[in-house]
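Structure data follow from run_29.tsv (TSV, C-alpha atoms):
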```tsv
chain	number	residue	atom	x	y	z
A	1	MET	CA	201.10	27.20	8.62
A	2	LYS	CA	200.54	23.43	8.47
A	3	TYR	CA	203.32	22.86	11.02
A	4	LEU	CA	201.82	25.47	13.34
A	5	LEU	CA	198.47	23.71	13.20
A	6	LEU	CA	200.20	20.37	13.82
A	7	PHE	CA	201.96	21.75	16.88
A	8	ILE	CA	198.74	23.21	18.30
A	9	SER	CA	196.94	19.92	17.79
A	10	LEU	CA	199.75	18.02	19.53
A	11	ILE	CA	199.75	20.34	22.53
A	12	TYR	CA	196.00	20.25	22.99
A	13	ALA	CA	195.98	16.49	22.55
A	14	ILE	CA	197.95	16.16	25.81
A	15	PRO	CA	195.49	14.90	28.43
A	16	SER	CA	195.12	16.56	31.82
A	17	ASN	CA	196.41	14.80	34.92
A	18	ALA	CA	192.81	14.08	35.93
A	19	GLN	CA	192.60	11.71	32.99
A	20	ASN	CA	195.81	9.89	33.87
A	21	LYS	CA	196.78	7.25	36.36
A	22	GLY	CA	199.95	5.27	36.94
A	23	VAL	CA	203.11	6.20	35.05
A	24	THR	CA	203.32	7.75	31.58
A	25	LEU	CA	206.39	7.85	29.35
A	26	LEU	CA	206.25	10.76	26.90
A	27	ILE	CA	208.48	11.16	23.85
A	28	LEU	CA	209.73	14.75	23.98
A	29	GLY	CA	212.04	14.52	20.96
A	30	THR	CA	213.39	12.06	18.41
A	31	VAL	CA	216.15	13.92	16.53
A	32	GLN	CA	219.95	13.68	16.85
A	33	ASP	CA	221.87	16.33	18.80
A	34	GLY	CA	222.22	18.85	15.97
A	35	GLY	CA	218.48	19.07	15.37
A	36	SER	CA	216.49	19.40	12.16
A	37	PRO	CA	217.07	21.59	10.23
A	38	HIS	CA	220.76	21.05	10.88
A	39	ILE	CA	223.30	23.86	10.93
A	40	GLY	CA	225.06	24.25	7.59
A	41	CYS	CA	222.91	21.65	5.85
A	42	GLN	CA	222.22	22.46	2.20
A	43	LYS	CA	220.50	19.19	1.39
A	44	GLU	CA	216.87	18.73	0.48
A	45	CYS	CA	216.11	17.28	3.93
A	46	CYS	CA	216.66	20.72	5.53
A	47	ALA	CA	215.96	23.22	2.76
A	48	VAL	CA	212.24	23.67	3.43
A	49	LEU	CA	212.62	23.43	7.21
A	50	PHE	CA	214.77	26.56	7.43
A	51	ASP	CA	211.86	28.58	6.03
A	52	GLU	CA	209.06	26.50	7.51
A	53	PRO	CA	210.22	24.79	10.74
A	54	ASP	CA	208.51	21.60	11.85
A	55	PRO	CA	207.69	21.94	15.58
A	56	SER	CA	207.77	18.17	15.97
A	57	ARG	CA	211.49	18.08	15.14
A	58	LYS	CA	212.83	18.18	18.70
A	59	VAL	CA	216.16	16.79	19.92
A	60	VAL	CA	215.87	13.43	21.65
A	61	SER	CA	214.49	13.36	25.19
A	62	LEU	CA	211.93	11.44	27.25
A	63	GLY	CA	209.55	12.63	29.94
A	64	VAL	CA	208.29	10.30	32.67
A	65	ILE	CA	205.33	11.25	34.84
A	66	ASP	CA	204.10	9.49	37.97
A	67	HIS	CA	200.54	10.82	38.12
A	68	GLU	CA	199.64	9.34	41.50
A	69	ASN	CA	202.61	10.95	43.22
A	70	GLN	CA	202.70	14.09	41.04
A	71	ARG	CA	206.35	13.63	40.11
A	72	THR	CA	207.94	14.44	36.76
A	73	TYR	CA	211.32	13.43	35.34
A	74	ILE	CA	213.16	14.26	32.13
A	75	PHE	CA	215.75	12.00	30.51
A	76	ASP	CA	218.40	14.14	28.80
A	77	ALA	CA	218.34	17.93	28.86
A	78	SER	CA	218.33	18.77	25.17
A	79	PRO	CA	218.69	22.18	23.48
A	80	ASP	CA	214.87	22.04	23.17
A	81	PHE	CA	214.49	21.80	26.95
A	82	THR	CA	212.24	24.88	27.23
A	83	THR	CA	209.34	23.49	25.18
A	84	GLN	CA	209.95	19.93	26.35
A	85	LEU	CA	209.58	20.95	29.99
A	86	LYS	CA	206.31	22.67	29.08
A	87	MET	CA	205.01	19.43	27.57
A	88	VAL	CA	205.78	17.55	30.78
A	89	GLN	CA	204.19	20.26	32.93
A	90	GLU	CA	200.92	19.87	31.04
A	91	TYR	CA	200.61	16.39	32.52
A	92	THR	CA	200.86	17.43	36.15
A	93	LEU	CA	200.94	20.86	37.75
A	94	PRO	CA	201.55	23.57	35.11
A	95	GLU	CA	202.64	26.05	37.78
A	96	ARG	CA	205.54	23.80	38.81
A	97	LYS	CA	208.62	25.43	37.31
A	98	ALA	CA	211.05	22.51	37.21
A	99	PRO	CA	210.98	18.71	37.01
A	100	ASP	CA	211.63	16.54	40.05
A	101	GLY	CA	214.72	15.16	38.38
A	102	ILE	CA	216.79	15.25	35.20
A	103	PHE	CA	218.73	12.14	34.15
A	104	LEU	CA	221.75	12.59	31.87
A	105	THR	CA	223.09	9.92	29.53
A	106	HIS	CA	226.37	11.63	28.55
A	107	ALA	CA	228.26	14.81	27.67
A	108	HIS	CA	227.41	15.31	23.99
A	109	ILE	CA	225.65	18.54	23.12
A	110	GLY	CA	222.15	17.22	22.56
A	111	HIS	CA	221.97	15.48	25.91
A	112	TYR	CA	222.98	17.97	28.59
A	113	THR	CA	223.22	21.53	27.23
A	114	GLY	CA	219.55	22.20	28.05
A	115	LEU	CA	220.76	22.58	31.63
A	116	MET	CA	221.71	26.15	30.66
A	117	TYR	CA	218.05	27.14	30.90
A	118	LEU	CA	218.10	26.41	34.63
A	119	GLY	CA	220.63	29.20	35.26
A	120	ARG	CA	220.31	32.81	36.38
A	121	GLU	CA	219.86	34.04	32.78
A	122	ALA	CA	216.70	31.96	32.40
A	123	LEU	CA	214.70	29.94	34.97
A	124	GLY	CA	216.91	30.55	37.99
A	125	GLY	CA	216.28	27.04	39.25
A	126	LYS	CA	216.47	26.08	42.92
A	127	ASP	CA	218.36	22.83	43.60
A	128	VAL	CA	216.87	21.00	40.60
A	129	PRO	CA	218.04	17.38	41.00
A	130	VAL	CA	220.34	16.33	38.15
A	131	TYR	CA	221.36	12.66	38.08
A	132	ALA	CA	224.76	12.00	36.52
A	133	MET	CA	227.46	9.34	36.45
A	134	PRO	CA	230.75	10.07	38.31
A	135	LYS	CA	232.71	11.48	35.35
A	136	MET	CA	229.70	13.41	34.11
A	137	LYS	CA	229.16	14.86	37.58
A	138	LEU	CA	232.83	15.91	37.80
A	139	PHE	CA	232.66	17.47	34.34
A	140	LEU	CA	229.73	19.67	35.39
A	141	GLU	CA	231.39	20.60	38.68
A	142	LYS	CA	234.76	21.57	37.19
A	143	ASN	CA	233.89	23.25	33.89
A	144	GLY	CA	232.15	26.51	33.11
A	145	PRO	CA	229.49	27.53	32.57
A	146	TRP	CA	228.07	24.41	34.20
A	147	ASP	CA	229.94	24.88	37.47
A	148	GLN	CA	228.02	28.13	37.95
A	149	LEU	CA	224.77	26.14	38.03
A	150	VAL	CA	226.29	24.09	40.84
A	151	ASN	CA	227.79	27.04	42.74
A	152	LEU	CA	224.58	29.07	42.59
A	153	LYS	CA	222.59	25.98	43.60
A	154	ASN	CA	220.47	26.13	40.46
A	155	ILE	CA	221.02	22.39	40.26
A	156	GLU	CA	221.84	19.66	42.76
A	157	LEU	CA	224.06	16.94	41.31
A	158	ILE	CA	223.21	13.39	42.38
A	159	GLU	CA	225.77	10.73	41.52
A	160	MET	CA	224.52	7.51	39.94
A	161	THR	CA	226.14	4.08	40.10
A	162	THR	CA	225.95	1.75	37.13
A	163	ASP	CA	223.39	-1.06	37.48
A	164	GLU	CA	222.18	0.33	40.83
A	165	LYS	CA	218.43	0.75	41.30
A	166	MET	CA	217.08	4.18	42.19
A	167	GLN	CA	213.58	4.13	43.68
A	168	LEU	CA	212.17	7.52	42.76
A	169	THR	CA	208.57	6.90	43.86
A	170	PRO	CA	206.61	3.81	44.92
A	171	ASN	CA	205.65	3.49	41.22
A	172	LEU	CA	208.92	4.32	39.51
A	173	THR	CA	212.43	2.86	39.50
A	174	VAL	CA	215.38	3.82	37.28
A	175	ILE	CA	218.54	1.80	36.61
A	176	PRO	CA	221.51	3.30	34.70
A	177	PHE	CA	223.90	1.02	32.80
A	178	LEU	CA	227.11	1.75	30.92
A	179	VAL	CA	227.25	1.50	27.13
A	180	PRO	CA	230.25	1.97	24.80
A	181	HIS	CA	230.21	5.40	23.18
A	182	ARG	CA	232.67	8.23	22.53
A	183	GLY	CA	233.64	9.46	25.99
A	184	GLU	CA	235.68	12.61	25.47
A	185	TYR	CA	234.37	14.15	28.70
A	186	ALA	CA	232.27	11.54	30.46
A	187	GLU	CA	230.97	8.01	30.36
A	188	THR	CA	227.74	7.11	28.52
A	189	VAL	CA	224.77	5.30	30.00
A	190	GLY	CA	221.41	4.02	28.95
A	191	PHE	CA	218.48	3.66	31.33
A	192	LYS	CA	215.99	1.01	32.32
A	193	ILE	CA	212.82	2.80	33.42
A	194	ILE	CA	210.46	0.62	35.46
A	195	GLY	CA	206.90	1.72	36.10
A	196	SER	CA	204.18	0.10	38.18
A	197	LYS	CA	203.21	-2.28	35.35
A	198	LYS	CA	205.69	-2.06	32.47
A	199	SER	CA	209.29	-1.09	31.75
A	200	ALA	CA	211.38	0.51	29.02
A	201	LEU	CA	214.96	0.73	27.77
A	202	PHE	CA	216.37	4.06	26.65
A	203	ILE	CA	219.64	3.85	24.68
A	204	PRO	CA	219.86	6.92	22.45
A	205	ASP	CA	223.61	6.56	21.81
A	206	ILE	CA	225.86	3.52	21.49
A	207	ASP	CA	228.82	2.77	19.22
A	208	LYS	CA	227.84	-0.68	17.95
A	209	TRP	CA	225.67	-3.35	19.52
A	210	TYR	CA	228.43	-5.97	19.33
A	211	LEU	CA	230.77	-3.76	21.40
A	212	TRP	CA	228.42	-3.80	24.40
A	213	GLU	CA	229.22	-6.33	27.09
A	214	LYS	CA	225.51	-7.11	27.34
A	215	SER	CA	223.30	-8.67	24.67
A	216	ILE	CA	220.68	-6.24	23.41
A	217	VAL	CA	218.57	-9.21	22.33
A	218	GLU	CA	218.57	-10.57	25.88
A	219	GLU	CA	217.90	-7.13	27.37
A	220	LEU	CA	214.88	-6.73	25.10
A	221	LYS	CA	213.31	-9.79	26.68
A	222	LYS	CA	213.28	-8.05	30.07
A	223	VAL	CA	211.28	-4.96	29.04
A	224	ASP	CA	208.07	-3.94	27.30
A	225	PHE	CA	209.46	-1.05	25.21
A	226	ALA	CA	212.89	-0.15	23.87
A	227	PHE	CA	213.91	3.25	22.48
A	228	LEU	CA	217.12	2.51	20.59
A	229	ASP	CA	219.84	4.43	18.75
A	230	ALA	CA	218.98	4.78	15.06
A	231	THR	CA	221.11	7.82	14.22
A	232	PHE	CA	221.93	6.78	10.65
A	233	PHE	CA	219.92	4.52	8.38
A	234	ASP	CA	223.01	3.41	6.46
A	235	ALA	CA	226.52	4.50	5.50
A	236	ASN	CA	225.30	6.61	2.57
A	237	GLU	CA	224.32	9.37	4.99
A	238	VAL	CA	227.87	9.84	6.24
A	239	ASN	CA	229.88	9.28	3.06
A	240	HIS	CA	231.40	12.75	3.49
A	241	ARG	CA	232.80	12.01	6.98
A	242	ASP	CA	235.03	9.42	8.63
A	243	VAL	CA	232.43	7.08	10.12
A	244	SER	CA	234.92	5.94	12.77
A	245	GLU	CA	234.58	9.41	14.33
A	246	ILE	CA	230.81	9.07	14.72
A	247	PRO	CA	230.10	5.37	15.31
A	248	HIS	CA	226.50	4.27	15.72
A	249	PRO	CA	224.63	1.09	14.77
A	250	PHE	CA	223.18	1.71	11.32
A	251	VAL	CA	219.48	0.94	11.17
A	252	ILE	CA	220.16	-1.64	8.49
A	253	GLU	CA	222.56	-3.37	10.91
A	254	SER	CA	219.93	-3.37	13.65
A	255	LEU	CA	217.34	-4.78	11.25
A	256	GLU	CA	219.70	-7.61	10.43
A	257	LEU	CA	220.51	-8.25	14.12
A	258	PHE	CA	216.84	-8.35	15.12
A	259	LYS	CA	215.43	-10.05	12.01
A	260	ASP	CA	214.84	-13.42	13.68
A	261	LEU	CA	213.10	-12.07	16.77
A	262	PRO	CA	209.47	-13.05	17.25
A	263	GLU	CA	206.95	-10.38	16.29
A	264	ASN	CA	206.18	-9.46	19.90
A	265	GLU	CA	209.88	-8.70	20.48
A	266	LYS	CA	210.29	-6.69	17.28
A	267	SER	CA	207.29	-4.53	18.15
A	268	LYS	CA	209.00	-3.41	21.37
A	269	ILE	CA	211.68	-1.59	19.39
A	270	HIS	CA	211.15	2.11	18.67
A	271	PHE	CA	214.00	3.64	16.68
A	272	ILE	CA	215.00	7.07	18.00
A	273	HIS	CA	217.82	9.69	17.87
A	274	LEU	CA	217.49	10.21	14.11
A	275	ASN	CA	220.03	12.31	12.23
A	276	HIS	CA	218.60	15.11	10.07
A	277	THR	CA	219.55	13.04	7.00
A	278	ASN	CA	217.79	9.90	8.23
A	279	PRO	CA	214.88	8.92	5.95
A	280	LEU	CA	213.03	7.52	8.98
A	281	LEU	CA	212.10	11.12	9.85
A	282	ASP	CA	209.72	10.91	6.89
A	283	LEU	CA	207.08	8.30	7.66
A	284	GLU	CA	206.23	8.12	3.95
A	285	SER	CA	209.77	7.27	2.88
A	286	LYS	CA	210.69	3.89	1.46
A	287	ALA	CA	213.00	3.28	4.44
A	288	SER	CA	210.24	4.01	6.98
A	289	MET	CA	207.81	1.70	5.24
A	290	GLU	CA	210.47	-1.02	5.15
A	291	VAL	CA	211.16	-0.72	8.88
A	292	ARG	CA	207.49	-0.86	9.82
A	293	SER	CA	206.72	-3.67	7.39
A	294	LYS	CA	209.30	-5.75	9.25
A	295	GLY	CA	207.47	-5.24	12.54
A	296	PHE	CA	209.53	-2.44	14.09
A	297	GLN	CA	208.42	1.01	15.26
A	298	ILE	CA	209.75	4.52	14.65
A	299	ALA	CA	209.52	6.81	17.68
A	300	GLN	CA	207.17	9.75	17.17
A	301	PHE	CA	207.19	13.14	18.88
A	302	SER	CA	204.58	13.38	21.68
A	303	GLY	CA	203.95	9.63	21.64
A	304	THR	CA	202.88	8.21	25.02
A	305	PHE	CA	203.35	4.84	26.69
A	306	LYS	CA	201.92	3.54	29.95
A	307	LEU	CA	204.47	2.03	32.33
```
Any chance you could give the structure as structure tokens?
Amino acid sequence: MKYLLLFISLIYAIPSNAQNKGVTLLILGTVQDGGSPHIGCQKECCAVLFDEPDPSRKVVSLGVIDHENQRTYIFDASPDFTTQLKMVQEYTLPERKAPDGIFLTHAHIGHYTGLMYLGREALGGKDVPVYAMPKMKLFLEKNGPWDQLVNLKNIELIEMTTDEKMQLTPNLTVIPFLVPHRGEYAETVGFKIIGSKKSALFIPDIDKWYLWEKSIVEELKKVDFAFLDATFFDANEVNHRDVSEIPHPFVIESLELFKDLPENEKSKIHFIHLNHTNPLLDLESKASMEVRSKGFQIAQFSGTFKL
């Protein structure tokens, strides 16, 4: 019951478009691909959630709304796409069935499989723009069931080029950039999202910061907000698996990397894409209090930022 009341309060806290101006970034989800509770999990972190789901535990995704131009965009089509689209619609025109664009980071299950809801079995979308990198675009075109979305014109695939600006509206620009991450089917990108006044980085998945050809510390200087991969807090969470198969920067590694940043730079960082085992999902945990005491942020479902 408490989670139901929380969800209702979150939904009704969303302001109407009449109260908004400029560009809003909305956190639609913060959890790693497998969700929370996680399939097969018998640990304490999931035990209660199977019987009493927490409606704020949505798979990672961002919504971006240009209020002036009545345009909405979603970054990553997660398995929770249905309710996440509804959240975005509340900011603009609720009767609008689909966003004006969906941007995909890569071909892992939590980041593109929400596209299935645009098909004939569900929404029956009409040429919904889906922005994808070349390999990602080819993957969707050549493999079922995704090719059916293309053939039935439920979606319109738009190819992106790394580091190339895309002017979506007079108030909103998006720039994709390649990051190193497991690429079984497609490349992986992060996004720089530039509003009329502020900008944000979105990097939900990356192998390790030191493997990236760019410096994350330098990239932080160029933006106002950064939503960064924090899948695992430390190695203890994955002691039952070969960590080389699921590489991510541990939060403790990121804390060490960013420890000497000035406070105004640290406060830009919002850790996101949290595995179901990650103690940062509990704001009262020792790990969460440590992260915040050091000047960093933990991304929260339905959080909003003005761009």
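Across A:Ile194, A:Leu280, A:Cys46, A:Leu211, the tightest approach to Asp234 (chain A) is made by A:Leu280 when counting all atoms listed in the file.
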So, counting all atoms listed in the file, which residue among A:Tyr117, A:Val223, A:Ser267, A:Gln300 is closest to Asp282 (chain A)?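 Of the candidates, the smallest distance to Asp282 (chain A) is held by A:Gln300.
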Across A:Tyr112, A:Phe50, A:Tyr73, A:Phe225, the smallest distance to Leu172 (chain A), with all atoms listed in the file counted, is shown by A:Tyr73
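Proximity ranking of A:Gly110, A:Pro134, A:Gly101, A:Gly63 relative to Lys86 (chain A) places A:Gly63 first, based on all atoms listed in the file.
Among the candidate residues A:Phe301, A:Pro249, A:Leu152, A:Ser199, the one lying nearest to Pro180 (chain A) is A:Pro249, with distances computed using all atoms listed in the file.
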